[in-house]
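> Input structure: target.tsv, which contains TSV, C-alpha atoms.
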chain	number	residue	atom	x	y	z
A	83	MET	CA	27.24	-36.70	-25.98
A	84	LEU	CA	29.44	-33.62	-26.39
A	85	SER	CA	26.55	-31.52	-27.66
A	86	LYS	CA	24.44	-32.53	-24.64
A	87	THR	CA	27.25	-31.59	-22.29
A	88	ILE	CA	27.69	-28.19	-23.93
A	89	THR	CA	23.93	-27.57	-23.83
A	90	THR	CA	23.81	-28.45	-20.13
A	91	LEU	CA	26.73	-26.14	-19.32
A	92	LEU	CA	25.13	-23.29	-21.25
A	93	LEU	CA	21.84	-23.81	-19.42
A	94	LEU	CA	23.55	-23.82	-16.02
A	95	PHE	CA	25.48	-20.68	-16.95
A	96	THR	CA	22.28	-18.94	-18.06
A	97	LEU	CA	20.43	-19.91	-14.87
A	98	ASN	CA	23.34	-18.68	-12.78
A	99	GLN	CA	23.32	-15.34	-14.60
A	100	LEU	CA	19.58	-14.99	-14.13
A	101	SER	CA	19.63	-15.87	-10.44
A	102	ALA	CA	22.41	-13.32	-9.86
A	103	GLN	CA	19.92	-10.57	-10.72
A	104	PHE	CA	17.39	-11.43	-8.02
A	105	THR	CA	17.20	-9.41	-4.76
A	106	ILE	CA	15.18	-9.54	-1.55
A	107	GLY	CA	14.76	-6.71	0.94
A	108	VAL	CA	12.69	-5.38	3.82
A	109	HIS	CA	11.19	-1.94	4.28
A	110	GLY	CA	8.93	0.10	6.53
A	111	GLY	CA	7.88	3.63	7.36
A	112	VAL	CA	5.03	6.05	7.81
A	113	ASN	CA	1.75	6.03	5.95
A	114	ALA	CA	-0.11	9.36	5.57
A	115	SER	CA	-3.60	8.46	4.39
A	116	THR	CA	-6.99	9.93	3.71
A	117	ILE	CA	-10.05	9.08	1.65
A	118	LYS	CA	-11.50	10.83	-1.37
A	119	THR	CA	-15.21	11.28	-0.71
A	120	HIS	CA	-18.10	11.78	-3.11
A	121	GLY	CA	-21.40	12.74	-1.56
A	122	PRO	CA	-22.94	14.82	1.24
A	123	VAL	CA	-21.29	15.61	4.57
A	124	THR	CA	-23.41	14.88	7.66
A	125	ALA	CA	-23.01	15.16	11.43
A	126	PHE	CA	-22.16	11.47	11.70
A	127	TYR	CA	-20.03	11.41	8.52
A	128	PRO	CA	-18.17	14.75	8.40
A	129	GLU	CA	-15.31	15.61	6.06
A	130	PRO	CA	-12.33	13.30	6.84
A	131	GLU	CA	-8.90	14.52	7.94
A	132	ALA	CA	-5.66	12.78	6.98
A	133	GLN	CA	-3.84	10.73	9.61
A	134	VAL	CA	-0.39	9.14	9.86
A	135	HIS	CA	-0.01	5.41	10.57
A	136	TYR	CA	2.63	2.88	9.49
A	137	PHE	CA	3.54	0.13	7.03
A	138	ALA	CA	6.15	-2.65	6.91
A	139	GLY	CA	6.91	-5.51	4.56
A	140	ILE	CA	9.23	-7.28	2.17
A	141	ASN	CA	10.18	-6.58	-1.44
A	142	THR	CA	11.69	-8.59	-4.26
A	143	ALA	CA	13.19	-7.42	-7.54
A	144	TYR	CA	14.45	-9.07	-10.70
A	145	GLN	CA	16.70	-7.20	-13.13
A	146	LEU	CA	15.22	-7.52	-16.63
A	147	CYS	CA	17.93	-5.55	-18.44
A	148	ASN	CA	20.27	-2.62	-17.89
A	149	LYS	CA	17.68	-0.10	-16.67
A	150	TRP	CA	14.46	-2.08	-16.23
A	151	SER	CA	13.46	-4.40	-13.39
A	152	ALA	CA	10.28	-6.03	-12.10
A	153	GLY	CA	9.36	-6.74	-8.51
A	154	LEU	CA	6.74	-7.53	-5.91
A	155	ASP	CA	6.07	-5.81	-2.56
A	156	VAL	CA	4.05	-7.45	0.23
A	157	ASP	CA	3.13	-5.07	3.07
A	158	TYR	CA	1.14	-4.88	6.26
A	159	ALA	CA	-0.26	-1.35	6.19
A	160	VAL	CA	-2.48	0.67	8.50
A	161	ARG	CA	-4.48	3.49	6.94
A	162	GLY	CA	-7.15	5.71	8.41
A	163	VAL	CA	-8.75	9.09	8.84
A	164	GLY	CA	-9.98	11.34	11.63
A	165	TYR	CA	-13.18	13.36	12.05
A	166	GLU	CA	-13.64	16.53	14.05
A	167	VAL	CA	-15.83	15.92	17.10
A	168	THR	CA	-16.87	18.87	19.31
A	169	GLY	CA	-19.34	19.24	22.16
A	170	ASP	CA	-21.42	16.78	24.17
A	171	ALA	CA	-23.88	16.37	21.31
A	172	ASP	CA	-21.23	14.49	19.32
A	173	ALA	CA	-20.40	11.99	22.08
A	174	ASN	CA	-21.66	9.12	19.90
A	175	ALA	CA	-20.22	10.41	16.64
A	176	LEU	CA	-17.35	8.73	14.78
A	177	SER	CA	-14.02	10.41	15.63
A	178	ASN	CA	-11.37	8.14	14.10
A	179	SER	CA	-11.36	5.21	11.70
A	180	ARG	CA	-8.48	2.96	10.68
A	181	ARG	CA	-8.10	-0.03	8.36
A	182	LYS	CA	-5.47	-2.74	8.76
A	183	ASN	CA	-4.58	-4.20	5.37
A	184	LEU	CA	-2.41	-6.70	3.56
A	185	ASP	CA	-1.12	-5.05	0.37
A	186	ILE	CA	0.34	-6.89	-2.62
A	187	THR	CA	1.99	-4.62	-5.20
A	188	PRO	CA	3.54	-5.94	-8.42
A	189	LYS	CA	5.60	-3.22	-10.09
A	190	VAL	CA	8.14	-2.31	-12.75
A	191	SER	CA	11.06	0.05	-12.18
A	192	TYR	CA	13.12	2.24	-14.50
A	193	GLN	CA	16.53	3.59	-13.49
A	194	LEU	CA	16.41	7.35	-14.08
A	195	PHE	CA	19.91	7.98	-12.70
A	196	LYS	CA	22.63	5.85	-11.12
A	197	ASN	CA	20.90	5.48	-7.74
A	198	LEU	CA	17.37	6.71	-8.49
A	199	ASP	CA	14.56	4.44	-9.73
A	200	LEU	CA	11.08	5.38	-10.91
A	201	ASN	CA	8.49	2.76	-9.90
A	202	PHE	CA	5.05	2.12	-11.27
A	203	GLY	CA	2.84	-0.55	-9.78
A	204	VAL	CA	-0.72	-1.69	-9.18
A	205	TYR	CA	-1.67	-2.52	-5.60
A	206	CYS	CA	-4.28	-4.99	-4.42
A	207	SER	CA	-5.28	-4.56	-0.78
A	208	PHE	CA	-7.08	-7.05	1.45
A	209	LEU	CA	-8.83	-5.66	4.52
A	210	GLN	CA	-7.84	-7.53	7.70
A	211	ARG	CA	-9.56	-5.43	10.34
A	212	HIS	CA	-11.57	-2.21	10.61
A	213	GLU	CA	-11.56	-0.27	13.89
A	214	VAL	CA	-13.13	3.00	15.02
A	215	GLN	CA	-13.05	5.44	17.93
A	216	ILE	CA	-16.28	7.05	19.13
A	217	GLY	CA	-16.45	10.57	20.56
A	218	ASP	CA	-13.44	11.40	22.73
A	219	SER	CA	-12.73	7.77	23.66
A	220	ASP	CA	-9.18	6.44	23.28
A	221	ASP	CA	-10.39	2.85	22.76
A	222	TRP	CA	-10.35	1.26	19.32
A	223	ILE	CA	-13.32	-1.04	18.74
A	224	GLU	CA	-14.65	-3.05	15.83
A	225	PRO	CA	-17.99	-1.75	14.53
A	226	PHE	CA	-20.93	-4.14	14.56
A	227	ALA	CA	-20.91	-4.16	10.76
A	228	THR	CA	-18.04	-2.71	8.75
A	229	TYR	CA	-19.05	-0.71	5.71
A	230	TYR	CA	-15.65	-1.14	4.03
A	231	SER	CA	-15.03	-3.49	1.14
A	232	LYS	CA	-12.79	-6.50	1.77
A	233	THR	CA	-10.65	-5.63	-1.26
A	234	ASP	CA	-9.25	-2.54	-2.92
A	235	VAL	CA	-7.21	-1.93	-6.08
A	236	GLY	CA	-5.40	1.10	-7.41
A	237	LEU	CA	-2.26	2.66	-8.85
A	238	ALA	CA	1.03	2.83	-6.91
A	239	PRO	CA	3.63	5.18	-8.43
A	240	GLY	CA	6.83	5.86	-6.51
A	241	LEU	CA	10.54	6.66	-6.29
A	242	ARG	CA	13.45	4.78	-4.71
A	243	TYR	CA	16.90	6.22	-3.97
A	244	GLN	CA	19.55	3.62	-3.16
A	245	ILE	CA	22.58	4.14	-0.89
A	246	GLY	CA	24.50	0.86	-0.76
A	247	ARG	CA	22.22	-1.71	0.84
A	248	PHE	CA	19.87	1.00	2.11
A	249	SER	CA	17.20	2.86	0.16
A	250	LEU	CA	14.84	5.77	0.69
A	251	LEU	CA	11.29	5.11	-0.51
A	252	ALA	CA	8.37	7.32	-1.45
A	253	SER	CA	5.20	5.98	-3.06
A	254	GLY	CA	1.55	6.86	-3.46
A	255	GLN	CA	-1.69	4.93	-3.57
A	256	LEU	CA	-4.50	6.14	-5.82
A	257	GLY	CA	-7.51	3.91	-5.21
A	258	LEU	CA	-9.64	3.10	-8.25
A	259	LYS	CA	-12.32	1.10	-6.45
A	260	LYS	CA	-15.06	2.35	-4.12
A	261	ILE	CA	-14.01	0.98	-0.75
A	262	ALA	CA	-17.16	2.20	1.02
A	263	ALA	CA	-20.67	3.14	-0.03
A	264	ILE	CA	-23.11	4.70	2.45
A	265	SER	CA	-26.76	5.50	1.77
A	266	PHE	CA	-28.68	8.25	3.61
A	267	THR	CA	-32.41	7.94	4.27
A	268	GLY	CA	-35.11	10.40	5.23
A	269	GLU	CA	-37.58	10.29	8.14
A	270	ASN	CA	-39.84	7.89	6.23
A	271	GLY	CA	-37.00	5.57	5.23
A	272	GLU	CA	-36.70	6.84	1.68
A	273	GLU	CA	-33.17	7.13	0.23
A	274	ILE	CA	-32.18	10.79	-0.04
A	275	GLY	CA	-28.58	10.41	-1.19
A	276	GLY	CA	-25.37	8.52	-0.74
A	277	ARG	CA	-21.66	8.79	-0.31
A	278	HIS	CA	-18.72	6.67	-1.42
A	279	GLU	CA	-15.01	6.69	-0.63
A	280	LYS	CA	-11.72	5.88	-2.39
A	281	ASN	CA	-8.30	5.32	-0.87
A	282	ARG	CA	-5.55	7.96	-1.05
A	283	ALA	CA	-2.19	7.43	0.70
A	284	LEU	CA	1.45	8.57	0.68
A	285	GLN	CA	4.11	6.20	2.03
A	286	ILE	CA	7.60	7.33	3.02
A	287	GLY	CA	10.07	4.84	4.41
A	288	LEU	CA	13.46	3.17	4.57
A	289	GLY	CA	14.47	-0.10	2.93
A	290	TYR	CA	17.33	-2.55	3.41
A	291	ARG	CA	18.51	-5.14	0.88
A	292	ILE	CA	19.22	-8.40	2.72
A	293	PHE	CA	20.00	-10.66	-0.26
A	294	ARG	CA	21.40	-10.41	-3.75
A	295	ASN	CA	22.89	-13.42	-5.50
A	296	ASP	CA	25.94	-11.68	-6.93
A	297	GLU	CA	27.16	-10.48	-3.51
Do you think you could lay out the structure here as C-alpha cells?

Amino acid sequence: MLSKTITTLLLLFTLNQLSAQFTIGVHGGVNASTIKTHGPVTAFYPEPEAQVHYFAGINTAYQLCNKWSAGLDVDYAVRGVGYEVTGDADANALSNSRRKNLDITPKVSYQLFKNLDLNFGVYCSFLQRHEVQIGDSDDWIEPFATYYSKTDVGLAPGLRYQIGRFSLLASGQLGLKKIAAISFTGENGEEIGGRHEKNRALQIGLGYRIFRNDE
C-alpha cells in the first residue's frame, strides 16, 4: 500500500513538473511573399513582384530541457504577388494574385542567448481561397479554375526575441513543393514549354504569451 502511494505521488509530481513547462500564445504580423518561378515569362504570366499581406495565429511550446523546446504554430496567412500591367492592351492580363492559407508548422527551438531563440520548423499549408485582380481593377475575384495546388510544404527557419510576455518574431518559408504548374501551347495546340512556381515568404510579427502553467 505504501509503495503504491509513493508511486502515485511521484507520478503526480512528475506530471505537474511537465505541465509547468507548457505555454500558449498568440501572434500576428506582416507577410512579405513572392514566388520562385522556373520557366518562360509571357505577357499573361510576367515576372512576379513581391507583395505584403498579413498572418495571425496561435502558438504552443513545450520545454524539453534547459535550452531545447518543441512547439506547434497554427496560422491564417495571406500570401501573394503582383504583376506589372501597362497600357490598354493588358486590360485582361493578370495584375495581382493572392492565396489565403491555413498553415500548420511543427518546430523545435534552441535558446542561443537568454532571450533569443533559434527556430527550425517544417510548414504544411492548405489553400483556402485563391483570388486575382485583372488589369487595373480593384476587385478581387476567384478565377474559374485555380491553377494552385491545395497543399504546400517547405522549411520554416526563424528567430524569436522575448521581452517578458511579448516576443518579436521573424521567420521564413522556403517552399519545397511546386504549388503551380502552367503549360504553354503553340498555335496548333502543341506544348511549347511550361512554368512552375514555389512559395517564398518572410514573416515579421509580434507575439504575446497568454498562458504558462508556472505563472
> What separation in Å, quoted to one decimal, exists between CA of Arg291 (chain A) and CA of Gln244 (chain A)?
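Separating CA of Arg291 (chain A) from CA of Gln244 (chain A) is a distance of 9.7 Å.
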> Which one is closest to Phe202 (chain A): A:Tyr243, A:Tyr165, A:Trp150, A:Phe293? Count only C-alpha atoms.
A:Trp150
> Rank nothing, just name the residue among A:Val160, A:Ser151, A:Gln193, A:Asp220 nearest to Gly110 (chain A), using all atoms listed in the file.
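That would be A:Val160, the residue with the smallest distance to Gly110 (chain A).
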> Can you measure CA of Arg294 (chain A) to CA of Gly107 (chain A) for me? One decimal in Å is fine.
8.9 Å
> Extract, using only C-alpha atoms, all DNA, RNA and protein residues at most 12 Å from region 246-249 of chain A, discarding same-chain residues fewer than 2 positions from it, and format them as a list in words.
Thr105, Ile106, Gly107, Val108, His109, Gly110, Gly111, Asn141, Lys196, Asn197, Leu198, Asp199, Leu241, Arg242, Tyr243, Gln244, Leu251, Ala252, Ile286, Gly287, Leu288, Gly289, Tyr290, Arg291, Ile292, Phe293, Arg294 and Glu297 of chain A
> To one decimal place, how far is CA of Leu284 (chain A) from CA of Leu176 (chain A) in Å?
23.5 Å
> Set the distance at 7 Å and use only C-alpha atoms: which residues neighbour Thr187 (chain A) once local chain neighbours fewer than 2 positions away are removed? I'd like the list as a ChimeraX atom specification.
/A:154-156,185,189,203-206
> Of the candidates A:Gln255, A:Asn148, A:Asn113, A:Thr233, which one gets nearest to Val163 (chain A) if we count only C-alpha atoms?
A:Asn113
> So which one's closest to Pro188 (chain A), A:Ala114, A:Arg282, A:Ala143, A:Val134? Using all atoms listed in the file, please.
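Smallest distance to Pro188 (chain A) is found for A:Ala143.
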> Could you give me, as an mmCIF file with C-alpha atoms, in the frame of the given file, the residues within 8 Å of Glu279 (chain A), counting all atoms listed in the file and dropping anything in the same chain fewer than 3 positions from it?

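selection-v9.cif was written with the following content:
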data_model
loop_
_atom_site.group_PDB
_atom_site.id
_atom_site.type_symbol
_atom_site.label_atom_id
_atom_site.label_comp_id
_atom_site.auth_asym_id
_atom_site.auth_seq_id
_atom_site.Cartn_x
_atom_site.Cartn_y
_atom_site.Cartn_z
ATOM 1 C CA ILE A 117 -10.050 9.080 1.650
ATOM 2 C CA LYS A 118 -11.500 10.830 -1.370
ATOM 3 C CA THR A 119 -15.210 11.280 -0.710
ATOM 4 C CA HIS A 120 -18.100 11.780 -3.110
ATOM 5 C CA LYS A 260 -15.060 2.350 -4.120
ATOM 6 C CA ILE A 261 -14.010 0.980 -0.750
ATOM 7 C CA ALA A 262 -17.160 2.200 1.020
ATOM 8 C CA ALA A 263 -20.670 3.140 -0.030
#
> Skip Thr228 (chain A) itself and residues of its chain fewer than 6 positions away, then list as a list of chain:residue names all residues within 12 Å of it, counting all atoms listed in the file.
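Non-adjacent residues within range: A:Ser179, A:Arg180, A:Arg181, A:Leu209, A:Gln210, A:Arg211, A:His212, A:Glu213, A:Val214, A:Ile261, A:Ala262, A:Ala263, A:Ile264.
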